[in-house]
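Written out below as structure tokens is the structure these notes cover.
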Amino acid sequence: MEQLYILPILLFSVVIHEISHGYMALRLGDPTARDMGRLTLNPIPHIDLVGSIMVPLFSLFVAGQVFIAWAKPVPVNPMNFSNYRRDEVLVSVVGPASNIVVAFLCTISYIILVSLFTVLNTNSNVLYQIFDFLIKMFGGGIMLNIILAVFNMIPIPPLDGSHVLASILPDETADRFKSIGFFGVFIILILLRWPPFNNLFISIVQYIMVPFKMLIQIFVA
């Protein structure tokens, strides 16, 4: 239960991820997500009962941290793109990129809150609880968003990285590759339990974390 502070930033992060896909698609000529009301910060249209609620809660209660989570994918119609392969890549990578941006914003928020808490040095129990919750939430949000970014770039359907890989494959091969669909999730889960792949995944996350940690060390004593 102590780890519940991560849920608000998790929900916000997966919503931003999906909105980013929709906005990029709109800029490239596809209004599908906008027309279906998915370009909104209101989390309700984005919530996936399994991926946004059940899986994160199960992970928290069983393992004490969130390993995987997702929102409803925004609808995209590639037929509206002027350059299918290029635009497919742009729409795909903007989601993980948005998580890196959110990680940066979490870092700035964490630094500000820790600095304010140090200056205020309050004896108010209520104010202390608020600061403690927010500091933990934004602090956890840094690693969380980097994990989401790296996870979504795994080149296996239905993750964003699979669209990038499919864009460089011959059409027939790409179609067969995409047909894996949601079954790819089981492949991903198996890979994440395979030590060599899991170690590589963790190493990439830790490498990306370095500049964020350095930023915190500069401003937080």
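Chain identifiers are assigned as A, B, and so on, following the order in which chains appear in the structure tokens; residues are numbered from 1 within each chain, and ligands are numbered from 1 in order of appearance.
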
With 8 Å as the cut-off and only C-alpha atoms counted, what is the closest atom pair between each nearby residue of stretch 49-94 of chain A and stretch 159-178 of chain A? Distances in Å to one decimal, ordered by chain and number, as JSON lines.
{"residue": "A:Arg85", "atom": "CA", "partner": "A:Ser167", "partner_atom": "CA", "distance": 5.2}
{"residue": "A:Arg86", "atom": "CA", "partner": "A:Ser167", "partner_atom": "CA", "distance": 7.6}
{"residue": "A:Glu88", "atom": "CA", "partner": "A:His163", "partner_atom": "CA", "distance": 6.8}
{"residue": "A:Val89", "atom": "CA", "partner": "A:Val164", "partner_atom": "CA", "distance": 5.1}
{"residue": "A:Ser92", "atom": "CA", "partner": "A:Asp160", "partner_atom": "CA", "distance": 5.0}
{"residue": "A:Val93", "atom": "CA", "partner": "A:Asp160", "partner_atom": "CA", "distance": 6.6}

Expected answer as JSON, numbers by chain: alpha helix (DSSP H) residues in stretch 14-220 of chain A: {"A": [14, 15, 16, 17, 18, 19, 20, 21, 22, 23, 24, 25, 26, 27, 32, 33, 34, 35, 55, 56, 57, 58, 59, 60, 61, 62, 63, 84, 85, 86, 87, 88, 89, 90, 91, 92, 93, 94, 95, 96, 97, 98, 99, 100, 101, 102, 103, 104, 105, 106, 107, 108, 109, 110, 111, 112, 113, 114, 115, 116, 117, 118, 119, 120, 125, 126, 127, 128, 129, 130, 131, 132, 133, 134, 135, 136, 137, 138, 139, 140, 141, 142, 143, 144, 145, 146, 147, 148, 149, 150, 151, 152, 160, 161, 162, 163, 164, 165, 166, 167, 171, 172, 173, 174, 175, 176, 177, 178, 184, 185, 186, 187, 188, 189, 190, 191, 192, 195, 196, 197, 198, 199, 200, 201, 202, 203, 204, 205, 206, 207, 208, 209, 210, 211, 212, 213, 214, 215, 216, 217, 218, 219]}

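Excluding stretch 122-135 of chain A itself and any same-chain residue fewer than 5 positions from it, the protein and nucleic acid residues within 8 Å of it, counting only C-alpha atoms, are Tyr5, Tyr110, Leu113, Val114 and Phe117 of chain A.
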
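With distances taken over only C-alpha atoms, A:Val94 is the one residue among A:Val150, A:Ile44, A:Val94, A:Ile53 lying closest to A:Gly22.
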
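You can rank A:Val76, A:Ile156, A:Val220, A:Met209 by their closest distance to A:Ala33 using only C-alpha atoms, and at the top of that list sits A:Val76.
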
Measuring atom to atom with only C-alpha atoms, identify which of A:Leu90, A:Ile154, A:Leu28, A:Met143 is nearest to A:Ile188.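 For A:Ile188, the nearest of the candidates is A:Ile154.
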
Which one of A:Asn83, A:Ser179, A:Asn121, A:Ser13 sits closest to A:Ile47 if you count only C-alpha atoms?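 Comparing A:Asn83, A:Ser179, A:Asn121, A:Ser13 against A:Ile47, the winner is A:Ser13.
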
Quick one: of A:Asp87, A:Leu191, A:His46, A:Phe212, who's nearest to A:Gly141, counting only C-alpha atoms? A:Phe212

Could you list, as an mmCIF file with C-alpha atoms, in the first residue's frame, every residue within 10 Å of A:Pro45, counting only C-alpha atoms and ignoring same-chain residues fewer than 3 positions away?
data_model
loop_
_atom_site.group_PDB
_atom_site.id
_atom_site.type_symbol
_atom_site.label_atom_id
_atom_site.label_comp_id
_atom_site.auth_asym_id
_atom_site.auth_seq_id
_atom_site.Cartn_x
_atom_site.Cartn_y
_atom_site.Cartn_z
ATOM 1 C CA VAL A 15 -2.293 9.245 -20.935
ATOM 2 C CA MET A 36 -12.931 10.186 -31.436
ATOM 3 C CA GLY A 37 -12.276 12.453 -28.452
ATOM 4 C CA ARG A 38 -8.914 10.942 -27.536
ATOM 5 C CA LEU A 39 -6.887 14.172 -27.513
ATOM 6 C CA THR A 40 -7.865 14.980 -23.946
ATOM 7 C CA LEU A 41 -6.143 14.934 -20.564
ATOM 8 C CA ASN A 42 -9.312 13.434 -19.108
ATOM 9 C CA ASP A 48 -7.779 0.313 -20.127
ATOM 10 C CA ALA A 71 -3.611 2.803 -21.776
ATOM 11 C CA LYS A 72 -6.023 2.226 -24.656
ATOM 12 C CA VAL A 74 -5.275 5.932 -29.692
#

What is the distance, in Å and to one decimal place, between atom CA of A:Cys106 and atom CA of A:Ser20?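 Here the two named atoms are 17.4 Å from each other.
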